[in-house]
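Shown below: input_5.pdb, with PDB, C-alpha atoms.
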```
ATOM      1  CA  PHE A1423      95.076  94.889 103.111  1.00  0.00           C
ATOM      2  CA  LYS A1424      93.235  93.924  99.922  1.00  0.00           C
ATOM      3  CA  PRO A1425      94.711  93.816  96.431  1.00  0.00           C
ATOM      4  CA  ILE A1426      93.533  96.802  94.370  1.00  0.00           C
ATOM      5  CA  TYR A1427      91.495  94.641  92.006  1.00  0.00           C
ATOM      6  CA  LEU A1428      89.190  93.699  94.899  1.00  0.00           C
ATOM      7  CA  ILE A1429      88.499  97.257  96.053  1.00  0.00           C
ATOM      8  CA  ASN A1430      85.615  98.156  93.734  1.00  0.00           C
ATOM      9  CA  GLU A1431      83.761  96.936  90.676  1.00  0.00           C
ATOM     10  CA  TYR A1432      85.621  99.270  88.307  1.00  0.00           C
ATOM     11  CA  SER A1433      89.043  98.090  89.478  1.00  0.00           C
ATOM     12  CA  ARG A1434      87.904  94.479  89.126  1.00  0.00           C
ATOM     13  CA  VAL A1435      86.957  95.130  85.489  1.00  0.00           C
ATOM     14  CA  PHE A1436      90.373  96.636  84.684  1.00  0.00           C
ATOM     15  CA  TYR A1437      92.480  94.096  86.528  1.00  0.00           C
ATOM     16  CA  GLY A1438      90.321  91.165  85.459  1.00  0.00           C
ATOM     17  CA  ALA A1439      90.783  91.846  81.742  1.00  0.00           C
ATOM     18  CA  GLU A1440      92.708  89.453  79.550  1.00  0.00           C
ATOM     19  CA  PRO A1441      96.006  90.634  78.007  1.00  0.00           C
ATOM     20  CA  ASN A1442      95.323  92.912  75.010  1.00  0.00           C
ATOM     21  CA  GLU A1443      91.602  93.051  75.833  1.00  0.00           C
ATOM     22  CA  LEU A1444      89.978  96.476  75.430  1.00  0.00           C
ATOM     23  CA  VAL A1445      87.651  97.127  78.344  1.00  0.00           C
ATOM     24  CA  THR A1446      85.112  99.950  78.517  1.00  0.00           C
ATOM     25  CA  VAL A1447      83.580 100.997  81.817  1.00  0.00           C
ATOM     26  CA  ASN A1448      80.691 103.431  81.791  1.00  0.00           C
ATOM     27  CA  TYR A1449      80.276 105.085  85.142  1.00  0.00           C
ATOM     28  CA  GLU A1450      76.736 105.910  86.136  1.00  0.00           C
ATOM     29  CA  MET A1451      76.517 109.663  86.585  1.00  0.00           C
ATOM     30  CA  LYS A1452      75.674 110.464  90.174  1.00  0.00           C
ATOM     31  CA  ASN A1453      74.290 113.915  90.689  1.00  0.00           C
ATOM     32  CA  PRO A1454      75.083 115.755  93.881  1.00  0.00           C
ATOM     33  CA  LEU A1455      72.334 116.543  96.340  1.00  0.00           C
ATOM     34  CA  PRO A1456      69.572 118.812  95.034  1.00  0.00           C
ATOM     35  CA  GLU A1457      70.509 122.470  95.532  1.00  0.00           C
ATOM     36  CA  LYS A1458      68.000 122.975  98.356  1.00  0.00           C
ATOM     37  CA  GLU A1459      69.760 120.190 100.330  1.00  0.00           C
ATOM     38  CA  ARG A1460      73.307 121.476  99.735  1.00  0.00           C
ATOM     39  CA  PHE A1461      75.324 123.820 101.885  1.00  0.00           C
ATOM     40  CA  GLN A1462      73.872 127.276 101.198  1.00  0.00           C
ATOM     41  CA  GLY A1463      76.951 129.361 102.001  1.00  0.00           C
ATOM     42  CA  LYS A1464      79.550 130.528  99.519  1.00  0.00           C
ATOM     43  CA  VAL A1465      82.053 127.905  98.393  1.00  0.00           C
ATOM     44  CA  TYR A1466      85.350 128.668  96.660  1.00  0.00           C
ATOM     45  CA  LEU A1467      87.725 126.206  95.039  1.00  0.00           C
ATOM     46  CA  ILE A1468      91.294 127.323  94.403  1.00  0.00           C
ATOM     47  CA  THR A1469      93.076 125.783  91.409  1.00  0.00           C
ATOM     48  CA  ASP A1470      96.400 126.402  89.728  1.00  0.00           C
ATOM     49  CA  HIS A1471      98.894 124.715  87.431  1.00  0.00           C
ATOM     50  CA  HIS A1472      99.669 122.181  90.197  1.00  0.00           C
ATOM     51  CA  THR A1473      96.077 120.834  90.182  1.00  0.00           C
ATOM     52  CA  PHE A1474      96.381 117.418  88.523  1.00  0.00           C
ATOM     53  CA  SER A1475      94.670 114.060  88.162  1.00  0.00           C
ATOM     54  CA  ALA A1476      91.835 113.610  90.663  1.00  0.00           C
ATOM     55  CA  GLY A1477      92.106 117.338  91.436  1.00  0.00           C
ATOM     56  CA  SER A1478      91.254 118.173  87.820  1.00  0.00           C
ATOM     57  CA  ILE A1479      88.354 115.723  87.847  1.00  0.00           C
ATOM     58  CA  PHE A1480      87.079 117.272  91.079  1.00  0.00           C
ATOM     59  CA  ALA A1481      87.423 120.809  89.652  1.00  0.00           C
ATOM     60  CA  GLU A1482      85.553 119.800  86.481  1.00  0.00           C
ATOM     61  CA  MET A1483      82.715 118.290  88.507  1.00  0.00           C
ATOM     62  CA  PHE A1484      82.656 121.294  90.858  1.00  0.00           C
ATOM     63  CA  LYS A1485      82.217 123.560  87.832  1.00  0.00           C
ATOM     64  CA  TYR A1486      79.815 121.259  85.964  1.00  0.00           C
ATOM     65  CA  TYR A1487      77.450 121.060  88.936  1.00  0.00           C
ATOM     66  CA  HIS A1488      77.730 124.779  89.813  1.00  0.00           C
ATOM     67  CA  MET A1489      78.898 124.039  93.350  1.00  0.00           C
ATOM     68  CA  GLY A1490      80.682 127.359  93.851  1.00  0.00           C
ATOM     69  CA  LYS A1491      83.300 129.627  92.280  1.00  0.00           C
ATOM     70  CA  ILE A1492      86.671 128.441  91.039  1.00  0.00           C
ATOM     71  CA  ILE A1493      89.370 130.998  91.788  1.00  0.00           C
ATOM     72  CA  GLY A1494      92.966 130.979  90.565  1.00  0.00           C
ATOM     73  CA  GLU A1495      94.568 129.536  87.456  1.00  0.00           C
ATOM     74  CA  PRO A1496      93.587 126.815  84.975  1.00  0.00           C
ATOM     75  CA  THR A1497      94.236 123.283  86.196  1.00  0.00           C
ATOM     76  CA  GLY A1498      97.589 121.732  85.389  1.00  0.00           C
ATOM     77  CA  ASN A1499      96.197 118.904  83.345  1.00  0.00           C
ATOM     78  CA  LEU A1500      93.184 118.261  81.200  1.00  0.00           C
ATOM     79  CA  TYR A1501      89.848 117.110  82.557  1.00  0.00           C
ATOM     80  CA  SER A1502      89.685 114.345  79.944  1.00  0.00           C
ATOM     81  CA  PHE A1503      93.002 112.551  80.237  1.00  0.00           C
ATOM     82  CA  ASN A1504      94.942 109.300  80.318  1.00  0.00           C
ATOM     83  CA  GLY A1505      95.786 107.841  83.673  1.00  0.00           C
ATOM     84  CA  PHE A1506      94.883 105.317  86.352  1.00  0.00           C
ATOM     85  CA  ALA A1507      96.520 101.903  85.980  1.00  0.00           C
ATOM     86  CA  LEU A1508      99.745 101.718  84.042  1.00  0.00           C
ATOM     87  CA  ALA A1509     100.444  98.911  81.595  1.00  0.00           C
ATOM     88  CA  ASN A1510     104.071  97.736  81.774  1.00  0.00           C
ATOM     89  CA  PHE A1511     105.921  96.650  78.648  1.00  0.00           C
ATOM     90  CA  THR A1512     109.435  95.445  77.863  1.00  0.00           C
ATOM     91  CA  LEU A1513     110.706  95.546  74.293  1.00  0.00           C
ATOM     92  CA  PRO A1514     111.878  92.080  73.254  1.00  0.00           C
ATOM     93  CA  HIS A1515     115.253  92.960  71.716  1.00  0.00           C
ATOM     94  CA  SER A1516     116.474  96.026  73.617  1.00  0.00           C
ATOM     95  CA  LYS A1517     114.806  94.980  76.902  1.00  0.00           C
ATOM     96  CA  LEU A1518     113.846  98.639  77.333  1.00  0.00           C
ATOM     97  CA  SER A1519     110.988  98.859  79.834  1.00  0.00           C
ATOM     98  CA  PHE A1520     108.254 101.496  79.745  1.00  0.00           C
ATOM     99  CA  GLN A1521     104.748 102.202  80.996  1.00  0.00           C
ATOM    100  CA  ILE A1522     101.640 103.419  79.188  1.00  0.00           C
ATOM    101  CA  SER A1523      98.476 104.736  80.791  1.00  0.00           C
ATOM    102  CA  SER A1524      95.778 102.162  80.345  1.00  0.00           C
ATOM    103  CA  VAL A1525      92.725 104.341  80.961  1.00  0.00           C
ATOM    104  CA  TYR A1526      91.277 107.317  79.112  1.00  0.00           C
ATOM    105  CA  ASN A1527      88.993 109.285  81.414  1.00  0.00           C
ATOM    106  CA  ILE A1528      86.231 111.353  79.789  1.00  0.00           C
ATOM    107  CA  ALA A1529      84.884 114.178  81.924  1.00  0.00           C
ATOM    108  CA  ASN A1530      81.354 114.462  83.276  1.00  0.00           C
ATOM    109  CA  ASN A1531      80.463 117.026  80.642  1.00  0.00           C
ATOM    110  CA  GLN A1532      81.319 114.399  77.981  1.00  0.00           C
ATOM    111  CA  GLU A1533      83.790 116.772  76.325  1.00  0.00           C
ATOM    112  CA  GLU A1534      87.050 115.406  75.073  1.00  0.00           C
ATOM    113  CA  GLY A1535      90.051 117.368  74.004  1.00  0.00           C
ATOM    114  CA  LEU A1536      92.906 119.473  75.188  1.00  0.00           C
ATOM    115  CA  LYS A1537      91.157 121.587  77.809  1.00  0.00           C
ATOM    116  CA  SER A1538      92.050 122.483  81.357  1.00  0.00           C
ATOM    117  CA  VAL A1539      89.403 123.504  83.857  1.00  0.00           C
ATOM    118  CA  GLU A1540      89.257 127.284  83.612  1.00  0.00           C
ATOM    119  CA  PRO A1541      88.632 129.278  86.775  1.00  0.00           C
ATOM    120  CA  ASP A1542      85.585 131.505  87.068  1.00  0.00           C
ATOM    121  CA  VAL A1543      87.906 134.237  88.334  1.00  0.00           C
ATOM    122  CA  PHE A1544      91.524 134.266  87.158  1.00  0.00           C
ATOM    123  CA  VAL A1545      94.079 135.296  89.780  1.00  0.00           C
ATOM    124  CA  ASP A1546      97.590 136.190  88.657  1.00  0.00           C
ATOM    125  CA  PRO A1547     100.078 133.448  89.637  1.00  0.00           C
ATOM    126  CA  ASN A1548     102.078 136.050  91.578  1.00  0.00           C
ATOM    127  CA  ASP A1549      99.063 136.926  93.756  1.00  0.00           C
ATOM    128  CA  ASP A1550      97.723 134.942  96.702  1.00  0.00           C
ATOM    129  CA  PRO A1551      94.313 133.457  95.786  1.00  0.00           C
ATOM    130  CA  ILE A1552      93.249 133.220  99.442  1.00  0.00           C
ATOM    131  CA  ALA A1553      93.976 136.914  99.956  1.00  0.00           C
ATOM    132  CA  TYR A1554      92.078 137.636  96.724  1.00  0.00           C
ATOM    133  CA  ILE A1555      89.015 135.721  97.964  1.00  0.00           C
ATOM    134  CA  LEU A1556      89.125 137.415 101.360  1.00  0.00           C
ATOM    135  CA  GLU A1557      89.463 140.866  99.817  1.00  0.00           C
ATOM    136  CA  ASN A1558      87.009 140.516  96.934  1.00  0.00           C
ATOM    137  CA  PHE A1559      84.355 138.096  98.159  1.00  0.00           C
ATOM    138  CA  ILE A1560      84.417 137.645 101.928  1.00  0.00           C
ATOM    139  CA  ALA A1561      84.933 141.285 102.920  1.00  0.00           C
ATOM    140  CA  ASN A1562      81.887 142.406 100.918  1.00  0.00           C
TER     141      ASN A1562
END
```

Output the file's structure in the form of structure tokens.
Amino acid sequence: FKPIYLINEYSRVFYGAEPNELVTVNYEMKNPLPEKERFQGKVYLITDHHTFSAGSIFAEMFKYYHMGKIIGEPTGNLYSFNGFALANFTLPHSKLSFQISSVYNIANNQEEGLKSVEPDVFVDPNDDPIAYILENFIAN
């Protein structure tokens, strides 16, 4: 077992910061394999309002890199969002404890704002997205 701050260079930057220090980490964009080297079959990603956190990041990248079709509902949280490590605070007089997200993640497409990842094909929440894919895409 290794402490989280030893796992990768980005974690070391966050956990190695001084108290009250603002740290910016710019991730190098890593493109997926060229299209001719990717799987050539049809790929579908199902999302809904329960798709959060890393799932939203994955869905945004899946859409950004045109890796297949997203079927279902918009993701449950935004693709640019606060998260990751939590900063713990205790108020000095009331001793009330609380946590604040210490990281603001900006999506691959560099857009910020209140946006979920929208599906390419919306499926009503009352319908089964797997059945929809089988009926509308696989059967054809």

Return as an MDAnalysis selection string the set of residues that the PyMOL selection byres ((chain A and resi 1547-1550) around 8) yields on the displayed structure. chainID A and resid 1470 1494:1495 1545:1546 1551:1554

Could you turn the residues from that selection into a file that holds C-alpha atoms, as a tab-separated table (two decimals), in the coordinates of the input?
```
chain	number	residue	atom	x	y	z
A	1470	ASP	CA	96.40	126.40	89.73
A	1494	GLY	CA	92.97	130.98	90.56
A	1495	GLU	CA	94.57	129.54	87.46
A	1545	VAL	CA	94.08	135.30	89.78
A	1546	ASP	CA	97.59	136.19	88.66
A	1551	PRO	CA	94.31	133.46	95.79
A	1552	ILE	CA	93.25	133.22	99.44
A	1553	ALA	CA	93.98	136.91	99.96
A	1554	TYR	CA	92.08	137.64	96.72
```

Run the PyMOL selection byres ((chain A and resi 1498) around 10) on the file and write out the hits as a ChimeraX atom specification. /A:1469-1475,1477-1478,1495-1497,1499-1501,1537-1539

Go ahead and save the picked residues with C-alpha atoms, as a PDB file, keeping the file's coordinate frame.
```pdb
ATOM      1  CA  THR A1469      93.076 125.783  91.409  1.00  0.00           C
ATOM      2  CA  ASP A1470      96.400 126.402  89.728  1.00  0.00           C
ATOM      3  CA  HIS A1471      98.894 124.715  87.431  1.00  0.00           C
ATOM      4  CA  HIS A1472      99.669 122.181  90.197  1.00  0.00           C
ATOM      5  CA  THR A1473      96.077 120.834  90.182  1.00  0.00           C
ATOM      6  CA  PHE A1474      96.381 117.418  88.523  1.00  0.00           C
ATOM      7  CA  SER A1475      94.670 114.060  88.162  1.00  0.00           C
ATOM      8  CA  GLY A1477      92.106 117.338  91.436  1.00  0.00           C
ATOM      9  CA  SER A1478      91.254 118.173  87.820  1.00  0.00           C
ATOM     10  CA  GLU A1495      94.568 129.536  87.456  1.00  0.00           C
ATOM     11  CA  PRO A1496      93.587 126.815  84.975  1.00  0.00           C
ATOM     12  CA  THR A1497      94.236 123.283  86.196  1.00  0.00           C
ATOM     13  CA  ASN A1499      96.197 118.904  83.345  1.00  0.00           C
ATOM     14  CA  LEU A1500      93.184 118.261  81.200  1.00  0.00           C
ATOM     15  CA  TYR A1501      89.848 117.110  82.557  1.00  0.00           C
ATOM     16  CA  LYS A1537      91.157 121.587  77.809  1.00  0.00           C
ATOM     17  CA  SER A1538      92.050 122.483  81.357  1.00  0.00           C
ATOM     18  CA  VAL A1539      89.403 123.504  83.857  1.00  0.00           C
TER      19      VAL A1539
END
```

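Taking CA of Glu1540 (chain A) as the reference point, CA of Ser1523 (chain A) is found at 24.5 Å.
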
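Here CA of Pro1541 (chain A) stands at a distance of 7.7 Å from CA of Lys1491 (chain A).
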
Edge lengths and centre, in Å to one decimal, as lines of an AutoDock Vina configuration file: that's what I need for the box along x, y and z that holds all listed atoms of region 1508-1522 of chain A plus 3 Å on each side.
```
center_x = 108.1
center_y = 97.7
center_z = 77.9
size_x = 22.7
size_y = 17.3
size_z = 18.3
```

Contacts of region 1509-1511 of chain A at 8 Å (all atoms listed in the file; same-chain gap of 6+ positions) as an mmCIF file with C-alpha atoms, keeping the file's coordinate frame:
```cif
data_model
loop_
_atom_site.group_PDB
_atom_site.id
_atom_site.type_symbol
_atom_site.label_atom_id
_atom_site.label_comp_id
_atom_site.auth_asym_id
_atom_site.auth_seq_id
_atom_site.Cartn_x
_atom_site.Cartn_y
_atom_site.Cartn_z
ATOM 1 C CA SER A 1519 110.988 98.859 79.834
ATOM 2 C CA PHE A 1520 108.254 101.496 79.745
ATOM 3 C CA GLN A 1521 104.748 102.202 80.996
ATOM 4 C CA ILE A 1522 101.640 103.419 79.188
ATOM 5 C CA SER A 1523 98.476 104.736 80.791
ATOM 6 C CA SER A 1524 95.778 102.162 80.345
#
```

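Between CA of Tyr1466 (chain A) and CA of Met1489 (chain A) there is a distance of 8.6 Å.
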
Write region 1471-1494 of chain A as a compact mmCIF listing (two decimals), keeping the file's coordinate frame, completed to N, CA and C atoms.
```txt
# COMPACT_ATOMS: atom_id res chain seq x y z
N HIS A 1471 98.23 125.64 88.34
CA HIS A 1471 98.89 124.72 87.43
C HIS A 1471 99.41 123.45 88.13
N HIS A 1472 99.30 123.38 89.45
CA HIS A 1472 99.67 122.18 90.20
C HIS A 1472 98.46 121.28 90.46
N THR A 1473 97.28 121.65 89.98
CA THR A 1473 96.08 120.83 90.18
C THR A 1473 96.04 119.77 89.08
N PHE A 1474 96.27 118.52 89.47
CA PHE A 1474 96.38 117.42 88.52
C PHE A 1474 95.46 116.27 88.89
N SER A 1475 95.29 115.36 87.96
CA SER A 1475 94.67 114.06 88.16
C SER A 1475 93.30 114.17 88.82
N ALA A 1476 93.13 113.57 89.99
CA ALA A 1476 91.84 113.61 90.66
C ALA A 1476 91.43 115.04 90.98
N GLY A 1477 92.41 115.93 91.19
CA GLY A 1477 92.11 117.34 91.44
C GLY A 1477 91.43 117.98 90.24
N SER A 1478 91.88 117.64 89.03
CA SER A 1478 91.25 118.17 87.82
C SER A 1478 89.85 117.61 87.63
N ILE A 1479 89.69 116.32 87.94
CA ILE A 1479 88.35 115.72 87.85
C ILE A 1479 87.42 116.40 88.83
N PHE A 1480 87.90 116.61 90.07
CA PHE A 1480 87.08 117.27 91.08
C PHE A 1480 86.71 118.68 90.63
N ALA A 1481 87.69 119.44 90.10
CA ALA A 1481 87.42 120.81 89.65
C ALA A 1481 86.40 120.82 88.52
N GLU A 1482 86.50 119.87 87.59
CA GLU A 1482 85.55 119.80 86.48
C GLU A 1482 84.15 119.52 87.00
N MET A 1483 84.04 118.61 87.95
CA MET A 1483 82.72 118.29 88.51
C MET A 1483 82.17 119.46 89.32
N PHE A 1484 83.03 120.12 90.07
CA PHE A 1484 82.66 121.29 90.86
C PHE A 1484 82.06 122.36 89.94
N LYS A 1485 82.70 122.56 88.79
CA LYS A 1485 82.22 123.56 87.83
C LYS A 1485 80.95 123.07 87.13
N TYR A 1486 80.94 121.83 86.70
CA TYR A 1486 79.82 121.26 85.96
C TYR A 1486 78.52 121.32 86.78
N TYR A 1487 78.63 121.07 88.07
CA TYR A 1487 77.45 121.06 88.94
C TYR A 1487 77.20 122.39 89.64
N HIS A 1488 77.93 123.43 89.26
CA HIS A 1488 77.73 124.78 89.81
C HIS A 1488 77.75 124.76 91.34
N MET A 1489 78.82 124.19 91.90
CA MET A 1489 78.90 124.04 93.35
C MET A 1489 79.54 125.23 94.04
N GLY A 1490 80.04 126.18 93.28
CA GLY A 1490 80.68 127.36 93.85
C GLY A 1490 81.52 128.04 92.79
N LYS A 1491 82.42 128.91 93.22
CA LYS A 1491 83.30 129.63 92.28
C LYS A 1491 84.69 129.01 92.31
N ILE A 1492 85.28 128.87 91.13
CA ILE A 1492 86.67 128.44 91.04
C ILE A 1492 87.52 129.69 90.88
N ILE A 1493 88.51 129.82 91.75
CA ILE A 1493 89.37 131.00 91.79
C ILE A 1493 90.80 130.55 91.54
N GLY A 1494 91.55 131.28 90.74
CA GLY A 1494 92.97 130.98 90.56
C GLY A 1494 93.37 130.88 89.12
```
